[in-house]
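Engineer: This is the content of entry_35.csv (CSV, C-alpha atoms):
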```csv
chain,number,residue,atom,x,y,z
A,1,MET,CA,0.0,0.0,0.0
A,2,GLU,CA,1.4,3.3,-1.0
A,3,ARG,CA,1.9,6.2,1.3
A,4,PRO,CA,-0.5,9.2,0.5
A,5,GLY,CA,1.1,12.3,-0.8
A,6,LYS,CA,1.1,15.6,1.0
A,7,LEU,CA,-2.4,16.3,2.2
A,8,PRO,CA,-4.0,19.6,3.2
A,9,PRO,CA,-5.3,20.0,6.8
A,10,LEU,CA,-8.1,17.5,7.0
A,11,PRO,CA,-10.3,19.6,9.4
A,12,ALA,CA,-10.2,22.5,6.9
A,13,LEU,CA,-10.9,20.1,4.0
A,14,ARG,CA,-14.0,18.8,5.7
A,15,VAL,CA,-15.2,22.4,6.3
A,16,PHE,CA,-14.5,23.3,2.7
A,17,GLU,CA,-16.4,20.3,1.4
A,18,ALA,CA,-19.5,21.3,3.4
A,19,ALA,CA,-19.4,25.0,2.4
A,20,ALA,CA,-18.8,24.0,-1.3
A,21,ARG,CA,-21.5,21.4,-1.4
A,22,LEU,CA,-24.1,23.6,0.3
A,23,SER,CA,-22.9,26.8,-1.5
A,24,SER,CA,-23.2,28.6,1.8
A,25,VAL,CA,-20.9,29.3,4.7
A,26,SER,CA,-23.8,29.8,7.0
A,27,ARG,CA,-25.4,26.4,6.1
A,28,ALA,CA,-22.1,24.7,6.4
A,29,ALA,CA,-21.7,26.2,9.9
A,30,ASP,CA,-25.2,24.8,10.8
A,31,GLU,CA,-24.3,21.4,9.5
A,32,LEU,CA,-21.0,21.2,11.3
A,33,PHE,CA,-22.3,22.9,14.5
A,34,VAL,CA,-19.7,25.6,14.5
A,35,THR,CA,-19.8,29.4,14.0
A,36,HIS,CA,-19.9,31.2,10.7
A,37,GLY,CA,-16.5,32.8,11.6
A,38,ALA,CA,-15.0,29.3,12.2
A,39,VAL,CA,-16.0,28.1,8.8
A,40,SER,CA,-14.6,31.3,7.1
A,41,HIS,CA,-11.3,30.9,9.1
A,42,GLN,CA,-10.8,27.3,8.0
A,43,ILE,CA,-11.5,28.1,4.4
A,44,ARG,CA,-9.0,31.0,4.4
A,45,ALA,CA,-6.4,28.8,6.1
A,46,LEU,CA,-7.0,26.1,3.4
A,47,GLU,CA,-6.6,28.6,0.6
A,48,GLU,CA,-3.4,29.9,2.1
A,49,HIS,CA,-2.1,26.4,2.5
A,50,LEU,CA,-2.9,25.6,-1.2
A,51,GLY,CA,-1.8,28.9,-2.6
A,52,PHE,CA,-4.8,29.5,-4.7
A,53,PRO,CA,-8.5,30.6,-4.2
A,54,LEU,CA,-11.3,28.1,-3.9
A,55,PHE,CA,-14.2,30.5,-3.8
A,56,HIS,CA,-15.3,33.8,-5.4
A,57,ARG,CA,-17.0,35.9,-2.8
A,58,GLN,CA,-20.2,37.6,-4.0
A,59,GLY,CA,-21.8,39.4,-1.1
A,60,ARG,CA,-23.0,36.7,1.3
A,61,SER,CA,-22.8,33.9,-1.2
A,62,VAL,CA,-19.8,31.9,-2.4
A,63,VAL,CA,-19.1,30.6,-5.8
A,64,LEU,CA,-16.5,27.9,-6.5
A,65,THR,CA,-13.6,28.6,-8.7
A,66,PRO,CA,-12.6,25.9,-11.3
A,67,ALA,CA,-10.0,24.7,-8.8
A,68,GLY,CA,-12.6,24.7,-6.0
A,69,GLU,CA,-15.0,22.6,-8.1
A,70,GLU,CA,-12.3,20.0,-8.9
A,71,LEU,CA,-11.3,19.8,-5.2
A,72,LEU,CA,-14.9,19.5,-4.1
A,73,HIS,CA,-15.4,16.5,-6.4
A,74,ALA,CA,-12.4,14.8,-5.0
A,75,ALA,CA,-13.1,15.7,-1.3
A,76,ASN,CA,-16.7,14.7,-1.5
A,77,GLY,CA,-16.0,11.3,-3.0
A,78,ALA,CA,-13.2,10.6,-0.5
A,79,LEU,CA,-15.2,11.7,2.6
A,80,ARG,CA,-18.3,9.7,1.4
A,81,GLN,CA,-16.1,6.6,0.9
A,82,ILE,CA,-14.7,7.0,4.4
A,83,ALA,CA,-18.1,7.5,5.9
A,84,ASP,CA,-19.5,4.4,4.0
A,85,THR,CA,-16.6,2.3,5.2
A,86,VAL,CA,-17.0,3.3,8.8
A,87,ALA,CA,-20.7,2.8,8.6
A,88,ASN,CA,-20.2,-0.7,7.2
A,89,LEU,CA,-17.6,-1.6,9.9
A,90,ARG,CA,-19.9,-0.4,12.6
A,91,ARG,CA,-22.8,-2.4,11.2
A,92,ARG,CA,-20.7,-5.6,11.0
A,93,SER,CA,-19.5,-5.0,14.5
A,94,ASN,CA,-23.1,-4.8,15.8
A,95,PRO,CA,-25.4,-6.8,13.4
A,96,ASN,CA,-28.2,-6.6,15.9
A,97,ARG,CA,-28.6,-2.9,15.5
A,98,LEU,CA,-31.2,-1.4,13.1
A,99,SER,CA,-31.6,2.3,12.5
A,100,ILE,CA,-34.8,3.5,10.8
A,101,SER,CA,-35.6,7.0,9.5
A,102,VAL,CA,-39.3,7.7,9.2
A,103,MET,CA,-41.8,10.6,8.9
A,104,PRO,CA,-43.0,11.8,12.3
A,105,SER,CA,-46.7,11.2,11.6
A,106,PHE,CA,-46.1,7.6,10.4
A,107,ALA,CA,-43.7,7.0,13.3
A,108,SER,CA,-46.2,8.1,16.0
A,109,ARG,CA,-49.5,6.8,14.5
A,110,TRP,CA,-48.4,3.6,12.7
A,111,LEU,CA,-44.9,2.3,13.3
A,112,THR,CA,-44.4,2.9,17.1
A,113,PRO,CA,-47.7,1.2,18.2
A,114,ARG,CA,-46.6,-2.0,16.2
A,115,ILE,CA,-42.8,-2.1,16.6
A,116,GLY,CA,-43.1,-3.9,20.0
A,117,ALA,CA,-44.2,-7.1,18.2
A,118,PHE,CA,-41.0,-7.1,16.1
A,119,ILE,CA,-38.8,-6.4,19.1
A,120,ASP,CA,-40.5,-9.3,21.0
A,121,ALA,CA,-39.7,-11.6,18.1
A,122,HIS,CA,-36.0,-10.3,18.1
A,123,PRO,CA,-35.2,-9.6,21.7
A,124,SER,CA,-31.5,-9.1,21.1
A,125,ALA,CA,-32.1,-6.4,18.5
A,126,GLU,CA,-31.4,-2.7,19.1
A,127,VAL,CA,-33.9,-0.8,17.1
A,128,ASN,CA,-33.5,3.0,16.7
A,129,ILE,CA,-36.3,5.0,15.2
A,130,THR,CA,-35.5,8.6,14.0
A,131,ALA,CA,-38.6,10.6,13.3
A,132,THR,CA,-37.8,13.3,10.7
A,133,GLY,CA,-39.1,14.8,7.6
A,134,ALA,CA,-35.6,15.1,6.1
A,135,LEU,CA,-34.5,12.6,3.4
A,136,ALA,CA,-32.1,10.1,4.8
A,137,ASP,CA,-28.4,10.5,3.7
A,138,PHE,CA,-27.3,7.0,4.2
A,139,SER,CA,-23.6,7.9,3.9
A,140,ARG,CA,-23.8,10.5,6.7
A,141,ASP,CA,-26.6,9.6,9.2
A,142,GLY,CA,-26.0,5.9,9.7
A,143,MET,CA,-29.5,4.8,8.8
A,144,ASP,CA,-30.2,1.3,7.5
A,145,LEU,CA,-33.5,2.2,5.9
A,146,SER,CA,-36.0,4.9,5.5
A,147,ILE,CA,-39.8,4.9,5.2
A,148,ARG,CA,-40.7,8.0,3.1
A,149,TRP,CA,-44.0,9.6,2.2
A,150,GLY,CA,-43.7,11.1,-1.3
A,151,PRO,CA,-44.0,10.6,-5.0
A,152,GLY,CA,-41.1,8.2,-5.3
A,153,GLY,CA,-38.4,8.3,-8.0
A,154,TYR,CA,-35.6,8.8,-5.5
A,155,CYS,CA,-32.1,8.9,-7.0
A,156,GLY,CA,-29.1,7.0,-5.9
A,157,VAL,CA,-31.0,4.6,-3.6
A,158,ARG,CA,-33.1,1.4,-3.8
A,159,SER,CA,-36.8,2.0,-3.3
A,160,GLU,CA,-39.9,-0.2,-3.0
A,161,LEU,CA,-43.5,0.8,-2.8
A,162,LEU,CA,-44.8,0.0,0.7
A,163,MET,CA,-48.4,1.1,0.4
A,164,ASP,CA,-50.8,3.6,-1.2
A,165,ASP,CA,-53.0,5.8,0.9
A,166,VAL,CA,-56.3,7.7,0.7
A,167,LEU,CA,-57.8,10.6,2.6
A,168,PHE,CA,-61.3,11.0,4.1
A,169,PRO,CA,-62.9,13.0,6.8
A,170,VAL,CA,-62.9,11.7,10.4
A,171,VAL,CA,-64.5,13.1,13.5
A,172,SER,CA,-64.8,12.3,17.2
A,173,PRO,CA,-68.0,10.5,18.4
A,174,ALA,CA,-68.7,13.3,20.9
A,175,LEU,CA,-68.5,16.1,18.3
A,176,CYS,CA,-70.5,14.0,15.8
A,177,ALA,CA,-73.2,13.4,18.4
A,178,GLY,CA,-73.8,17.1,18.8
A,179,HIS,CA,-73.7,17.8,15.1
A,180,PRO,CA,-74.9,14.7,13.1
A,181,LEU,CA,-73.2,14.3,9.7
A,182,ARG,CA,-75.8,12.7,7.4
A,183,VAL,CA,-74.7,14.3,4.1
A,184,PRO,CA,-71.4,16.0,3.2
A,185,GLY,CA,-73.1,19.4,3.3
A,186,ASP,CA,-73.5,19.0,7.0
A,187,LEU,CA,-69.8,19.8,7.4
A,188,ALA,CA,-70.7,23.4,7.1
A,189,CYS,CA,-71.7,23.3,10.7
A,190,LEU,CA,-68.4,22.1,12.1
A,191,PRO,CA,-64.8,23.5,12.1
A,192,LEU,CA,-62.5,21.9,9.5
A,193,LEU,CA,-59.0,21.1,10.7
A,194,ARG,CA,-56.3,21.8,8.1
A,195,SER,CA,-52.9,20.3,7.4
A,196,GLU,CA,-50.2,21.8,5.2
A,197,GLY,CA,-50.3,20.2,1.7
A,198,GLU,CA,-53.5,18.1,2.3
A,199,ASP,CA,-56.2,20.4,1.0
A,200,TRP,CA,-60.0,19.9,1.5
A,201,ALA,CA,-61.0,21.3,-1.9
A,202,PRO,CA,-60.4,18.0,-3.9
A,203,TRP,CA,-62.5,16.1,-1.3
A,204,PHE,CA,-65.3,18.7,-1.6
A,205,ARG,CA,-65.4,18.1,-5.4
A,206,ALA,CA,-65.5,14.4,-4.9
A,207,ALA,CA,-68.4,14.8,-2.5
A,208,GLY,CA,-70.3,17.1,-5.0
A,209,LEU,CA,-69.7,20.3,-3.0
A,210,ASP,CA,-68.8,23.5,-4.8
A,211,TRP,CA,-66.9,24.9,-1.8
A,212,PRO,CA,-63.5,26.7,-1.8
A,213,GLU,CA,-60.5,25.7,0.2
A,214,PRO,CA,-61.0,26.7,3.9
A,215,ALA,CA,-59.1,29.9,4.7
A,216,SER,CA,-59.6,30.0,8.5
A,217,GLY,CA,-59.5,27.7,11.5
A,218,LEU,CA,-56.7,25.6,12.9
A,219,MET,CA,-53.8,24.9,10.6
A,220,LEU,CA,-51.2,22.3,11.8
A,221,SER,CA,-47.9,21.3,10.2
A,222,ASP,CA,-48.1,17.6,10.8
A,223,SER,CA,-50.8,15.1,9.9
A,224,ALA,CA,-50.5,13.3,13.2
A,225,LEU,CA,-51.2,16.6,15.0
A,226,VAL,CA,-54.4,17.1,12.9
A,227,LEU,CA,-55.5,13.6,13.8
A,228,GLN,CA,-54.9,14.4,17.5
A,229,ALA,CA,-56.9,17.5,17.3
A,230,ALA,CA,-59.8,15.5,15.8
A,231,LEU,CA,-59.5,13.0,18.6
A,232,GLU,CA,-59.9,15.9,21.1
A,233,GLY,CA,-63.0,17.0,19.3
A,234,ARG,CA,-61.5,20.2,17.9
A,235,GLY,CA,-63.0,19.7,14.5
A,236,VAL,CA,-63.2,17.4,11.4
A,237,ALA,CA,-59.9,16.2,10.0
A,238,LEU,CA,-59.1,15.1,6.5
A,239,ALA,CA,-57.0,12.1,7.5
A,240,ARG,CA,-54.9,9.5,5.8
A,241,ARG,CA,-56.3,6.0,6.2
A,242,SER,CA,-52.9,4.7,7.4
A,243,LEU,CA,-52.8,7.2,10.3
A,244,ALA,CA,-56.5,7.1,11.3
A,245,ALA,CA,-57.2,3.3,11.0
A,246,SER,CA,-56.3,2.3,14.6
A,247,ALA,CA,-58.5,5.1,16.1
A,248,LEU,CA,-61.4,4.2,13.8
A,249,ARG,CA,-61.2,0.5,14.8
A,250,ALA,CA,-61.1,1.5,18.4
A,251,GLY,CA,-64.2,3.7,18.0
A,252,LYS,CA,-62.3,6.8,19.0
A,253,LEU,CA,-63.0,8.4,15.6
A,254,LEU,CA,-65.9,8.0,13.2
A,255,ARG,CA,-65.8,8.1,9.4
A,256,PRO,CA,-69.0,9.8,8.5
A,257,PHE,CA,-68.8,9.4,4.7
A,258,ASP,CA,-67.5,6.6,2.5
A,259,ILE,CA,-65.9,9.1,0.1
A,260,ALA,CA,-62.1,9.0,-0.2
A,261,ILE,CA,-59.6,10.7,-2.5
A,262,GLU,CA,-56.1,9.7,-3.5
A,263,ALA,CA,-53.2,11.5,-1.8
A,264,ARG,CA,-52.0,13.9,-4.5
A,265,HIS,CA,-49.8,16.8,-3.5
A,266,ALA,CA,-47.2,19.2,-4.9
A,267,PRO,CA,-43.9,17.7,-6.0
A,268,GLU,CA,-41.6,16.9,-3.0
A,269,GLY,CA,-39.7,20.0,-1.9
A,270,ILE,CA,-42.2,22.5,-3.3
A,271,CYS,CA,-44.6,24.3,-1.0
A,272,SER,CA,-48.3,24.0,-1.8
A,273,SER,CA,-48.5,27.8,-2.0
A,274,ASP,CA,-45.9,27.7,-4.8
A,275,PHE,CA,-47.8,25.0,-6.7
A,276,PRO,CA,-49.9,26.1,-9.7
A,277,PRO,CA,-53.4,26.4,-8.2
A,278,ASP,CA,-55.1,25.7,-11.6
A,279,LEU,CA,-53.3,22.3,-12.1
A,280,PRO,CA,-56.0,19.6,-12.2
A,281,PHE,CA,-55.9,17.3,-9.1
A,282,ALA,CA,-55.4,14.2,-11.3
A,283,ARG,CA,-52.2,15.7,-12.7
A,284,ARG,CA,-50.6,16.2,-9.3
A,285,PRO,CA,-48.1,13.5,-8.2
A,286,GLN,CA,-49.7,10.7,-6.2
A,287,TRP,CA,-47.9,10.3,-2.9
A,288,ARG,CA,-47.3,6.9,-1.4
A,289,TYR,CA,-45.2,5.3,1.4
A,290,TRP,CA,-41.9,3.9,0.1
A,291,ILE,CA,-39.2,1.7,1.6
A,292,VAL,CA,-35.9,3.4,0.7
A,293,LEU,CA,-32.5,1.5,1.1
A,294,PRO,CA,-28.9,2.5,0.3
A,295,GLU,CA,-27.4,1.2,-2.9
A,296,GLY,CA,-24.4,-1.0,-2.8
A,297,ARG,CA,-24.8,-2.0,0.8
A,298,PRO,CA,-25.5,-5.7,1.8
A,299,ASP,CA,-28.7,-6.2,3.8
A,300,THR,CA,-28.1,-7.7,7.2
A,301,PRO,CA,-30.3,-10.6,8.4
A,302,LEU,CA,-32.0,-8.3,10.9
A,303,LEU,CA,-32.8,-5.8,8.2
A,304,LEU,CA,-34.3,-8.5,6.0
A,305,ALA,CA,-36.3,-9.8,8.9
A,306,PHE,CA,-37.6,-6.3,9.6
A,307,LEU,CA,-38.6,-5.8,5.9
A,308,ASP,CA,-40.5,-9.1,5.9
A,309,TRP,CA,-42.3,-8.0,9.1
A,310,LEU,CA,-43.1,-4.6,7.8
A,311,ARG,CA,-44.6,-5.9,4.6
A,312,ALA,CA,-46.7,-8.4,6.5
A,313,GLU,CA,-47.9,-5.7,8.9
A,314,VAL,CA,-48.9,-3.4,6.0
A,315,ALA,CA,-50.8,-6.3,4.3
A,316,ALA,CA,-52.7,-7.1,7.5
A,317,ASP,CA,-53.5,-3.5,8.1
A,318,LEU,CA,-54.9,-3.0,4.6
A,319,ALA,CA,-56.9,-6.2,4.8
A,320,ALA,CA,-58.6,-5.3,8.1
A,321,PRO,CA,-61.9,-3.5,7.9
A,322,LEU,CA,-62.2,0.0,9.4
A,323,MET,CA,-64.6,-0.1,12.3
A,324,PRO,CA,-67.1,1.2,12.9
A,325,LEU,CA,-68.5,1.3,9.4
A,326,PRO,CA,-69.3,4.6,7.8
A,327,VAL,CA,-72.5,6.2,9.1
A,328,GLY,CA,-73.2,8.2,5.9
A,329,ARG,CA,-73.3,7.4,2.2
A,330,GLY,CA,-70.9,8.0,-0.6
A,331,SER,CA,-68.3,6.3,-2.8
A,332,PHE,CA,-64.6,6.2,-3.5
A,333,ALA,CA,-63.5,9.0,-5.9
A,334,SER,CA,-60.4,9.2,-8.0
A,335,LEU,CA,-60.1,12.6,-9.5
```
Is it possible to give me this structure as structure tokens?

Structural biologist:
Amino acid sequence: MERPGKLPPLPALRVFEAAARLSSVSRAADELFVTHGAVSHQIRALEEHLGFPLFHRQGRSVVLTPAGEELLHAANGALRQIADTVANLRRRSNPNRLSISVMPSFASRWLTPRIGAFIDAHPSAEVNITATGALADFSRDGMDLSIRWGPGGYCGVRSELLMDDVLFPVVSPALCAGHPLRVPGDLACLPLLRSEGEDWAPWFRAAGLDWPEPASGLMLSDSALVLQAALEGRGVALARRSLAASALRAGKLLRPFDIAIEARHAPEGICSSDFPPDLPFARRPQWRYWIVLPEGRPDTPLLLAFLDWLRAEVAADLAAPLMPLPVGRGSFASL
């Protein structure tokens, strides 16, 4: 094995890679948990060591020089290879550890209530669940798999469809008792809970209602929070089947109308407010749950066992009826 040639200071190289990859000194400081000044100092020190500039400064932004772009390509590849190697070594040293990245709403309403059965079947396993809306970076965060909610088509990873989902209104029995919901128009008498990206207007159209999107009332950033508000009788939620199923079967929520719509949203990474409002609902990307795995990494026996368990749990959940049965009338609608 040959001895490496003269290397630049590795701490400075790591800081440079982050700033160059993110095109921002501030964002690099946030990622590395250091100050803006510390990042700037390390980059200046690296440039002085090399004897040529790596960035053009343009106000608050930084733009790579040709030399900077070449060094970024080499540094990013080397650091990712080191990170992948370390992750694989750690994984082999502890084959009974499983790290899962999952959306907060799915983690709290679907996965966490069920995961005990998997742990009981694998008592020596260490299962770590990270609830986050961020896409997993398998070379940096040490995750073994991710369960994503989105349109799919993820690059540089292996992905497998886990399940489709639909949305329909749910309401607490107490709130429904005081305001019976016999037809969709009866919703006018109750507050409608709102969630970012999951609009009511497509469901209104499916139910034959010419109503605009609600512009007032409680708006929550997470689907699980909307469901919790419905459980507490704060209003009617437009809920995903996957998240509401257990509460419906327990009788804690009611589904007043058998009218459901597909989950179609703005493309991932684009806010709903920035999405063309006149784009037909049917042309919006359909969002689903996906199993996402790193490419080029062997699956451990524990990971394979978890995937088998996960697929079986999803199949059982989709096959089980939602109880109690809808109290109103309607039909499934795909717009």

Engineer: Env of Arg27 of chain A: 12 Å cut, atoms = only C-alpha atoms, seq-sep filter 3 positions within chain, self excluded. Answer as a CSV table (one decimal) with C-alpha atoms, keeping the file's coordinate frame.

Structural biologist:
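The resulting file, out-v4.csv, is reproduced below:
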```
chain,number,residue,atom,x,y,z
A,15,VAL,CA,-15.2,22.4,6.3
A,16,PHE,CA,-14.5,23.3,2.7
A,17,GLU,CA,-16.4,20.3,1.4
A,18,ALA,CA,-19.5,21.3,3.4
A,19,ALA,CA,-19.4,25.0,2.4
A,20,ALA,CA,-18.8,24.0,-1.3
A,21,ARG,CA,-21.5,21.4,-1.4
A,22,LEU,CA,-24.1,23.6,0.3
A,23,SER,CA,-22.9,26.8,-1.5
A,24,SER,CA,-23.2,28.6,1.8
A,30,ASP,CA,-25.2,24.8,10.8
A,31,GLU,CA,-24.3,21.4,9.5
A,32,LEU,CA,-21.0,21.2,11.3
A,33,PHE,CA,-22.3,22.9,14.5
A,34,VAL,CA,-19.7,25.6,14.5
A,35,THR,CA,-19.8,29.4,14.0
A,36,HIS,CA,-19.9,31.2,10.7
A,39,VAL,CA,-16.0,28.1,8.8
A,40,SER,CA,-14.6,31.3,7.1
A,60,ARG,CA,-23.0,36.7,1.3
A,61,SER,CA,-22.8,33.9,-1.2
A,62,VAL,CA,-19.8,31.9,-2.4
```

Engineer: Between A:Gly233, A:Ala74, A:Arg14, A:Leu307, which one has atoms that come closest to Ser146 of chain A, using only C-alpha atoms?

Structural biologist: A:Leu307

Engineer: Looking at A:Arg297, A:Leu193, A:Glu262, A:Pro184, which one is nearest to Arg241 of chain A, with distances taken over only C-alpha atoms?

Structural biologist: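 Distance minimum relative to Arg241 of chain A lands on A:Glu262.
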
Engineer: Please, what distance in Å, to one decimal, runs between atom CA of Arg80 of chain A and atom CA of Ala305 of chain A?

Structural biologist: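 Distance between the two atoms: 27.6 Å.
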
Engineer: Please work out which residues fall within 8 Å of (-52.6, 17.4, 11.2), coordinates as given in the file, with only C-alpha atoms counting, and return them as a list of chain:residue names.

Structural biologist: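 I get A:Leu193, A:Arg194, A:Ser195, A:Glu196, A:Met219, A:Leu220, A:Ser221, A:Asp222, A:Ser223, A:Ala224, A:Leu225, A:Val226, A:Leu227, A:Gln228, A:Ala229, A:Ala237, A:Ala239 for the residues within 8 Å of that point.
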
Engineer: With segment 243-257 of chain A as the partner and 7 Å as the cut-off, tabulate the residues of segment 28-118 of chain A that qualify, each row holding the nearest pair of atoms and their distance in Å to one decimal, using only C-alpha atoms, sorted by chain and rising number, as a Markdown table.

Structural biologist:
```
| residue | atom | partner | partner_atom | distance |
| --- | --- | --- | --- | --- |
| A:Phe106 | CA | A:Leu243 | CA | 6.7 |
| A:Arg109 | CA | A:Leu243 | CA | 5.4 |
| A:Trp110 | CA | A:Leu243 | CA | 6.2 |
```

Engineer: Within 12 Å of Ile119 of chain A, counting all atoms listed in the file, which residues show up once you throw out same-chain ones fewer than 6 positions away? Write them as a list in words, please.

Structural biologist: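 So the residues in contact are Asn96, Arg97, Leu98, Thr112, Pro113, Ala125, Glu126, Val127, Asn128, Leu302, Ala305, Phe306 and Trp309 of chain A.
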
Engineer: Figure out the distance between atom CA of Glu198 of chain A and atom CA of Ser172 of chain A, please, to one decimal in Å.

Structural biologist: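 Atom CA of Ser172 of chain A sits 19.6 Å away from atom CA of Glu198 of chain A.
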
Engineer: So, with all atoms listed in the file as the atoms that count, which of A:Leu322, A:Ala38, A:Val86, A:Val292 lies closest to Gly152 of chain A?

Structural biologist: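 Closest to Gly152 of chain A of all the choices is A:Val292.
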
Engineer: Take atom CA of Arg44 of chain A and atom CA of Ala75 of chain A and report the distance between them in Å, one decimal.

Structural biologist: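 If I compute the distance from atom CA of Arg44 of chain A to atom CA of Ala75 of chain A, I get 16.8 Å.
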
Engineer: Rank A:Phe118, A:Tyr154, A:Phe52, A:Trp149 by their smallest atom-to-atom distance to Leu293 of chain A, using all atoms listed in the file, and report the top residue only.

Structural biologist: A:Tyr154

Engineer: May I have the residues within 12 Å of Ala78 of chain A as a PyMOL selection string, using all atoms listed in the file and disregarding those fewer than 6 positions away in the same chain?

Structural biologist: chain A and resi 10+13-14+17+71-72+84-85+139

Engineer: For Val63 of chain A, which of A:Val25, A:Ile147, A:Pro95, A:Leu181 is the closest residue, counting all atoms listed in the file?

Structural biologist: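 Closest candidate: A:Val25.
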
Engineer: Contacts of Cys189 of chain A at 12 Å or less, counting all atoms listed in the file, minus same-chain residues fewer than 2 places along, as a list in words?

Structural biologist: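 Once the adjacent positions are removed, what remains is Leu175, Cys176, Gly178, His179, Pro180, Leu181, Arg182, Val183, Pro184, Gly185, Asp186, Leu187, Pro191, Leu192, Gly235 and Val236 of chain A.
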